[in-house]
Amino acid sequence: MRTVGVEEELLLVAPDSGEPKALSAAVLAHAEAHDAHPDVFEKELYGQMLEFATHPQTDMAELGAEIVRCRKEAAR
């Protein structure tokens, strides 16, 4: 059976202006200190970006749910 995983790169921006902010180190430190899944996020080349990768899935509904969970964690 074929599996599918997703990688997303997120641009970190100021909520009021939409301007990119170099906060990836702070976001990663917060995730490591407060998250049950500290290995979800990875540093990207630029300080304004963060990456996550889902686990390989065979069920697209489960994949979609994991993407939503990762996005919510990043927003938190």
# chains A, B, ... in the order shown; residues from 1 in each chain; ligands from 1

call {"tool": "residues_around", "arguments": {"residues": "Lys21 in chain A", "least_positions_apart": "5", "cutoff": "7 Å", "atoms": "only C-alpha atoms", "output": "number ranges by chain"}}
result
A: 12-14, 48

call {"tool": "write_last_selection", "arguments": {"atoms": "N, CA, C and O atoms", "output": "short mmCIF file (atom, residue, chain, number, x, y, z; two decimals), in the first residue's frame"}}
result
data_model
loop_
_atom_site.label_atom_id
_atom_site.label_comp_id
_atom_site.auth_asym_id
_atom_site.auth_seq_id
_atom_site.Cartn_x
_atom_site.Cartn_y
_atom_site.Cartn_z
N LEU A 12 6.89 32.90 8.98
CA LEU A 12 6.48 33.50 10.25
C LEU A 12 6.34 35.00 10.05
O LEU A 12 7.30 35.67 9.65
N VAL A 13 5.15 35.52 10.32
CA VAL A 13 4.88 36.95 10.09
C VAL A 13 4.25 37.59 11.31
O VAL A 13 3.64 36.92 12.15
N ALA A 14 4.38 38.91 11.39
CA ALA A 14 3.72 39.69 12.44
C ALA A 14 2.23 39.69 12.15
O ALA A 14 1.82 39.94 11.01
N GLN A 48 13.00 33.37 9.24
CA GLN A 48 11.57 33.68 9.17
C GLN A 48 10.74 32.47 8.81
O GLN A 48 9.52 32.57 8.65
#

call {"tool": "residues_around", "arguments": {"residues": "Phe41 in chain A", "least_positions_apart": "4", "cutoff": "10 Å", "atoms": "only C-alpha atoms", "output": "list in words"}}
result
Glu8, Glu9, Ser24, Val27, Leu28, Ala31, Glu32, His37, Leu50, Glu51, Phe52, Ala53, Thr54, Cys70, Glu73 and Ala74 of chain A

call {"tool": "write_last_selection", "arguments": {"atoms": "C-alpha atoms", "output": "mmCIF file, in the first residue's frame"}}
result
data_model
loop_
_atom_site.group_PDB
_atom_site.id
_atom_site.type_symbol
_atom_site.label_atom_id
_atom_site.label_comp_id
_atom_site.auth_asym_id
_atom_site.auth_seq_id
_atom_site.Cartn_x
_atom_site.Cartn_y
_atom_site.Cartn_z
ATOM 1 C CA GLU A 8 5.204 22.415 4.651
ATOM 2 C CA GLU A 9 7.355 25.466 5.050
ATOM 3 C CA SER A 24 12.099 30.463 14.087
ATOM 4 C CA VAL A 27 9.293 29.093 18.033
ATOM 5 C CA LEU A 28 11.487 25.979 18.060
ATOM 6 C CA ALA A 31 7.851 23.929 20.942
ATOM 7 C CA GLU A 32 10.650 21.955 22.577
ATOM 8 C CA HIS A 37 5.901 16.335 20.002
ATOM 9 C CA LEU A 50 9.711 26.949 9.976
ATOM 10 C CA GLU A 51 9.132 23.501 8.487
ATOM 11 C CA PHE A 52 7.056 20.548 9.557
ATOM 12 C CA ALA A 53 6.718 17.086 8.091
ATOM 13 C CA THR A 54 3.860 14.676 8.658
ATOM 14 C CA CYS A 70 0.772 20.806 12.860
ATOM 15 C CA GLU A 73 0.776 23.907 16.844
ATOM 16 C CA ALA A 74 2.773 26.363 14.753
#

call {"tool": "residues_around", "arguments": {"residues": "Met49 in chain A", "least_positions_apart": "4", "cutoff": "8 Å", "atoms": "only C-alpha atoms", "output": "PyMOL selection string"}}
result
chain A and resi 9-12+22-24+43-45

call {"tool": "write_last_selection", "arguments": {"atoms": "all heavy atoms", "output": "mmCIF file, in the first residue's frame"}}
result
data_model
loop_
_atom_site.group_PDB
_atom_site.id
_atom_site.type_symbol
_atom_site.label_atom_id
_atom_site.label_comp_id
_atom_site.auth_asym_id
_atom_site.auth_seq_id
_atom_site.Cartn_x
_atom_site.Cartn_y
_atom_site.Cartn_z
ATOM 1 N N GLU A 9 6.520 24.401 4.535
ATOM 2 C CA GLU A 9 7.355 25.466 5.050
ATOM 3 C C GLU A 9 6.444 26.639 5.362
ATOM 4 O O GLU A 9 5.654 27.064 4.522
ATOM 5 C CB GLU A 9 8.419 25.848 4.029
ATOM 6 C CG GLU A 9 9.393 24.719 3.776
ATOM 7 C CD GLU A 9 10.382 25.013 2.673
ATOM 8 O OE1 GLU A 9 10.276 26.071 2.029
ATOM 9 O OE2 GLU A 9 11.250 24.178 2.446
ATOM 10 N N LEU A 10 6.553 27.128 6.579
ATOM 11 C CA LEU A 10 5.697 28.211 7.041
ATOM 12 C C LEU A 10 6.508 29.488 7.158
ATOM 13 O O LEU A 10 7.602 29.492 7.705
ATOM 14 C CB LEU A 10 5.093 27.865 8.399
ATOM 15 C CG LEU A 10 4.368 26.516 8.480
ATOM 16 C CD1 LEU A 10 3.992 26.214 9.916
ATOM 17 C CD2 LEU A 10 3.157 26.524 7.580
ATOM 18 N N LEU A 11 5.964 30.583 6.657
ATOM 19 C CA LEU A 11 6.587 31.892 6.796
ATOM 20 C C LEU A 11 6.024 32.520 8.063
ATOM 21 O O LEU A 11 4.802 32.656 8.210
ATOM 22 C CB LEU A 11 6.275 32.761 5.580
ATOM 23 C CG LEU A 11 6.887 34.155 5.571
ATOM 24 C CD1 LEU A 11 8.424 34.073 5.539
ATOM 25 C CD2 LEU A 11 6.381 34.941 4.366
ATOM 26 N N LEU A 12 6.895 32.899 8.983
ATOM 27 C CA LEU A 12 6.476 33.500 10.252
ATOM 28 C C LEU A 12 6.342 35.003 10.054
ATOM 29 O O LEU A 12 7.297 35.670 9.654
ATOM 30 C CB LEU A 12 7.502 33.184 11.337
ATOM 31 C CG LEU A 12 7.777 31.693 11.556
ATOM 32 C CD1 LEU A 12 8.942 31.506 12.512
ATOM 33 C CD2 LEU A 12 6.540 30.987 12.059
ATOM 34 N N ALA A 22 11.918 37.101 11.977
ATOM 35 C CA ALA A 22 12.919 36.050 12.196
ATOM 36 C C ALA A 22 12.735 35.472 13.594
ATOM 37 O O ALA A 22 13.472 35.777 14.516
ATOM 38 C CB ALA A 22 14.320 36.616 12.012
ATOM 39 N N LEU A 23 11.730 34.622 13.745
ATOM 40 C CA LEU A 23 11.369 34.055 15.043
ATOM 41 C C LEU A 23 11.489 32.539 15.104
ATOM 42 O O LEU A 23 11.047 31.928 16.070
ATOM 43 C CB LEU A 23 9.926 34.450 15.387
ATOM 44 C CG LEU A 23 9.653 35.947 15.541
ATOM 45 C CD1 LEU A 23 8.160 36.188 15.677
ATOM 46 C CD2 LEU A 23 10.402 36.484 16.740
ATOM 47 N N SER A 24 12.088 31.933 14.105
ATOM 48 C CA SER A 24 12.099 30.463 14.087
ATOM 49 C C SER A 24 12.815 29.877 15.299
ATOM 50 O O SER A 24 12.360 28.880 15.854
ATOM 51 C CB SER A 24 12.704 29.931 12.789
ATOM 52 O OG SER A 24 14.067 30.294 12.679
ATOM 53 N N LYS A 43 14.098 23.739 11.789
ATOM 54 C CA LYS A 43 14.573 25.043 11.347
ATOM 55 C C LYS A 43 14.754 25.021 9.841
ATOM 56 O O LYS A 43 15.193 24.016 9.278
ATOM 57 C CB LYS A 43 15.896 25.353 12.038
ATOM 58 C CG LYS A 43 16.427 26.717 11.730
ATOM 59 C CD LYS A 43 17.704 26.964 12.502
ATOM 60 C CE LYS A 43 18.244 28.332 12.161
ATOM 61 N NZ LYS A 43 19.541 28.563 12.771
ATOM 62 N N GLU A 44 14.444 26.102 9.207
ATOM 63 C CA GLU A 44 14.657 26.261 7.784
ATOM 64 C C GLU A 44 15.877 27.142 7.566
ATOM 65 O O GLU A 44 16.453 27.681 8.510
ATOM 66 C CB GLU A 44 13.422 26.908 7.132
ATOM 67 C CG GLU A 44 12.467 25.942 6.505
ATOM 68 C CD GLU A 44 13.095 25.109 5.410
ATOM 69 O OE1 GLU A 44 13.664 25.637 4.438
ATOM 70 O OE2 GLU A 44 13.021 23.884 5.533
ATOM 71 N N LEU A 45 16.259 27.333 6.333
ATOM 72 C CA LEU A 45 17.435 28.124 5.990
ATOM 73 C C LEU A 45 17.320 29.553 6.517
ATOM 74 O O LEU A 45 18.272 30.109 7.037
ATOM 75 C CB LEU A 45 17.625 28.127 4.466
ATOM 76 C CG LEU A 45 18.771 28.950 3.922
ATOM 77 C CD1 LEU A 45 20.104 28.413 4.446
ATOM 78 C CD2 LEU A 45 18.770 28.935 2.410
#

call {"tool": "residues_around", "arguments": {"residues": "Ala65 in chain A", "least_positions_apart": "6", "cutoff": "12 Å", "atoms": "only C-alpha atoms", "output": "list in words"}}
result
Val6, Thr54, His55, Gln57, Asp59, Arg71 and Lys72 of chain A

call {"tool": "atom_distance", "arguments": {"atom1": "CA of Val40 in chain A", "atom2": "CA of Arg69 in chain A"}}
result
10.4 Å

call {"tool": "atom_distance", "arguments": {"atom1": "CA of Glu42 in chain A", "atom2": "CA of Ala75 in chain A"}}
result
14.7 Å

call {"tool": "atom_distance", "arguments": {"atom1": "CA of Glu62 in chain A", "atom2": "CA of Arg2 in chain A"}}
result
14.2 Å

call {"tool": "select_by_dssp", "arguments": {"residues": "chain A", "states": "strand (DSSP E)", "output": "list of chain:residue names"}}
result
A:Glu7, A:Glu8, A:Glu9, A:Leu10, A:Leu11, A:Phe41, A:Glu42, A:Lys43, A:Met49, A:Leu50, A:Glu51, A:Phe52, A:Ala53

call {"tool": "write_last_selection", "arguments": {"atoms": "all heavy atoms", "output": "mmCIF file, in the first residue's frame"}}
result
data_model
loop_
_atom_site.group_PDB
_atom_site.id
_atom_site.type_symbol
_atom_site.label_atom_id
_atom_site.label_comp_id
_atom_site.auth_asym_id
_atom_site.auth_seq_id
_atom_site.Cartn_x
_atom_site.Cartn_y
_atom_site.Cartn_z
ATOM 1 N N GLU A 7 5.365 17.822 3.588
ATOM 2 C CA GLU A 7 6.240 18.797 4.228
ATOM 3 C C GLU A 7 5.704 20.175 3.880
ATOM 4 O O GLU A 7 5.363 20.432 2.727
ATOM 5 C CB GLU A 7 7.674 18.692 3.708
ATOM 6 C CG GLU A 7 8.418 17.496 4.197
ATOM 7 C CD GLU A 7 9.891 17.523 3.785
ATOM 8 O OE1 GLU A 7 10.345 18.522 3.189
ATOM 9 O OE2 GLU A 7 10.559 16.531 4.046
ATOM 10 N N GLU A 8 5.629 21.038 4.887
ATOM 11 C CA GLU A 8 5.204 22.415 4.651
ATOM 12 C C GLU A 8 6.214 23.358 5.263
ATOM 13 O O GLU A 8 6.703 23.127 6.363
ATOM 14 C CB GLU A 8 3.836 22.694 5.299
ATOM 15 C CG GLU A 8 2.724 22.653 4.335
ATOM 16 C CD GLU A 8 1.394 23.122 4.894
ATOM 17 O OE1 GLU A 8 1.320 23.738 5.969
ATOM 18 O OE2 GLU A 8 0.419 22.845 4.213
ATOM 19 N N GLU A 9 6.520 24.401 4.535
ATOM 20 C CA GLU A 9 7.355 25.466 5.050
ATOM 21 C C GLU A 9 6.444 26.639 5.362
ATOM 22 O O GLU A 9 5.654 27.064 4.522
ATOM 23 C CB GLU A 9 8.419 25.848 4.029
ATOM 24 C CG GLU A 9 9.393 24.719 3.776
ATOM 25 C CD GLU A 9 10.382 25.013 2.673
ATOM 26 O OE1 GLU A 9 10.276 26.071 2.029
ATOM 27 O OE2 GLU A 9 11.250 24.178 2.446
ATOM 28 N N LEU A 10 6.553 27.128 6.579
ATOM 29 C CA LEU A 10 5.697 28.211 7.041
ATOM 30 C C LEU A 10 6.508 29.488 7.158
ATOM 31 O O LEU A 10 7.602 29.492 7.705
ATOM 32 C CB LEU A 10 5.093 27.865 8.399
ATOM 33 C CG LEU A 10 4.368 26.516 8.480
ATOM 34 C CD1 LEU A 10 3.992 26.214 9.916
ATOM 35 C CD2 LEU A 10 3.157 26.524 7.580
ATOM 36 N N LEU A 11 5.964 30.583 6.657
ATOM 37 C CA LEU A 11 6.587 31.892 6.796
ATOM 38 C C LEU A 11 6.024 32.520 8.063
ATOM 39 O O LEU A 11 4.802 32.656 8.210
ATOM 40 C CB LEU A 11 6.275 32.761 5.580
ATOM 41 C CG LEU A 11 6.887 34.155 5.571
ATOM 42 C CD1 LEU A 11 8.424 34.073 5.539
ATOM 43 C CD2 LEU A 11 6.381 34.941 4.366
ATOM 44 N N PHE A 41 8.691 20.170 14.322
ATOM 45 C CA PHE A 41 9.164 21.332 13.580
ATOM 46 C C PHE A 41 10.677 21.291 13.390
ATOM 47 O O PHE A 41 11.407 20.793 14.232
ATOM 48 C CB PHE A 41 8.783 22.620 14.315
ATOM 49 C CG PHE A 41 7.310 22.768 14.466
ATOM 50 C CD1 PHE A 41 6.708 22.586 15.699
ATOM 51 C CD2 PHE A 41 6.506 23.066 13.388
ATOM 52 C CE1 PHE A 41 5.339 22.714 15.845
ATOM 53 C CE2 PHE A 41 5.146 23.182 13.518
ATOM 54 C CZ PHE A 41 4.552 23.009 14.752
ATOM 55 N N GLU A 42 11.112 21.846 12.267
ATOM 56 C CA GLU A 42 12.532 21.935 11.957
ATOM 57 C C GLU A 42 12.866 23.346 11.521
ATOM 58 O O GLU A 42 12.034 24.040 10.925
ATOM 59 C CB GLU A 42 12.891 20.980 10.821
ATOM 60 C CG GLU A 42 12.725 19.526 11.158
ATOM 61 C CD GLU A 42 13.113 18.623 9.995
ATOM 62 O OE1 GLU A 42 13.758 19.105 9.043
ATOM 63 O OE2 GLU A 42 12.757 17.446 10.049
ATOM 64 N N LYS A 43 14.098 23.739 11.789
ATOM 65 C CA LYS A 43 14.573 25.043 11.347
ATOM 66 C C LYS A 43 14.754 25.021 9.841
ATOM 67 O O LYS A 43 15.193 24.016 9.278
ATOM 68 C CB LYS A 43 15.896 25.353 12.038
ATOM 69 C CG LYS A 43 16.427 26.717 11.730
ATOM 70 C CD LYS A 43 17.704 26.964 12.502
ATOM 71 C CE LYS A 43 18.244 28.332 12.161
ATOM 72 N NZ LYS A 43 19.541 28.563 12.771
ATOM 73 N N MET A 49 11.378 31.315 8.661
ATOM 74 C CA MET A 49 10.653 30.131 8.201
ATOM 75 C C MET A 49 10.797 28.970 9.176
ATOM 76 O O MET A 49 11.774 28.857 9.893
ATOM 77 C CB MET A 49 11.150 29.721 6.825
ATOM 78 C CG MET A 49 10.878 30.775 5.768
ATOM 79 S SD MET A 49 11.436 30.268 4.147
ATOM 80 C CE MET A 49 10.136 29.114 3.736
ATOM 81 N N LEU A 50 9.776 28.139 9.144
ATOM 82 C CA LEU A 50 9.711 26.949 9.976
ATOM 83 C C LEU A 50 9.162 25.830 9.095
ATOM 84 O O LEU A 50 8.320 26.080 8.235
ATOM 85 C CB LEU A 50 8.751 27.230 11.131
ATOM 86 C CG LEU A 50 8.652 26.266 12.273
ATOM 87 C CD1 LEU A 50 9.974 26.227 13.035
ATOM 88 C CD2 LEU A 50 7.541 26.702 13.200
ATOM 89 N N GLU A 51 9.610 24.626 9.294
ATOM 90 C CA GLU A 51 9.132 23.501 8.487
ATOM 91 C C GLU A 51 8.558 22.414 9.389
ATOM 92 O O GLU A 51 9.030 22.209 10.497
ATOM 93 C CB GLU A 51 10.285 22.908 7.684
ATOM 94 C CG GLU A 51 9.888 21.718 6.843
ATOM 95 C CD GLU A 51 11.045 21.140 6.067
ATOM 96 O OE1 GLU A 51 11.653 21.865 5.271
ATOM 97 O OE2 GLU A 51 11.347 19.945 6.267
ATOM 98 N N PHE A 52 7.523 21.761 8.893
ATOM 99 C CA PHE A 52 7.056 20.548 9.557
ATOM 100 C C PHE A 52 6.866 19.468 8.509
ATOM 101 O O PHE A 52 6.681 19.753 7.329
ATOM 102 C CB PHE A 52 5.775 20.761 10.380
ATOM 103 C CG PHE A 52 4.519 20.945 9.579
ATOM 104 C CD1 PHE A 52 3.839 19.867 9.053
ATOM 105 C CD2 PHE A 52 3.986 22.214 9.379
ATOM 106 C CE1 PHE A 52 2.670 20.027 8.328
ATOM 107 C CE2 PHE A 52 2.813 22.390 8.665
ATOM 108 C CZ PHE A 52 2.163 21.304 8.134
ATOM 109 N N ALA A 53 6.939 18.241 8.961
ATOM 110 C CA ALA A 53 6.718 17.086 8.091
ATOM 111 C C ALA A 53 5.783 16.122 8.805
ATOM 112 O O ALA A 53 5.973 15.819 9.976
ATOM 113 C CB ALA A 53 8.031 16.398 7.761
#

call {"tool": "select_by_dssp", "arguments": {"residues": "chain A", "states": "helix (DSSP H, G or I)", "output": "list in words"}}
result
Ser24, Ala25, Ala26, Val27, Leu28, Ala29, His30, Ala31, Glu32, Ala33, His34, Met60, Ala61, Glu62, Leu63, Gly64, Ala65, Glu66, Ile67, Val68, Arg69, Cys70, Arg71, Lys72, Glu73, Ala74 and Ala75 of chain A
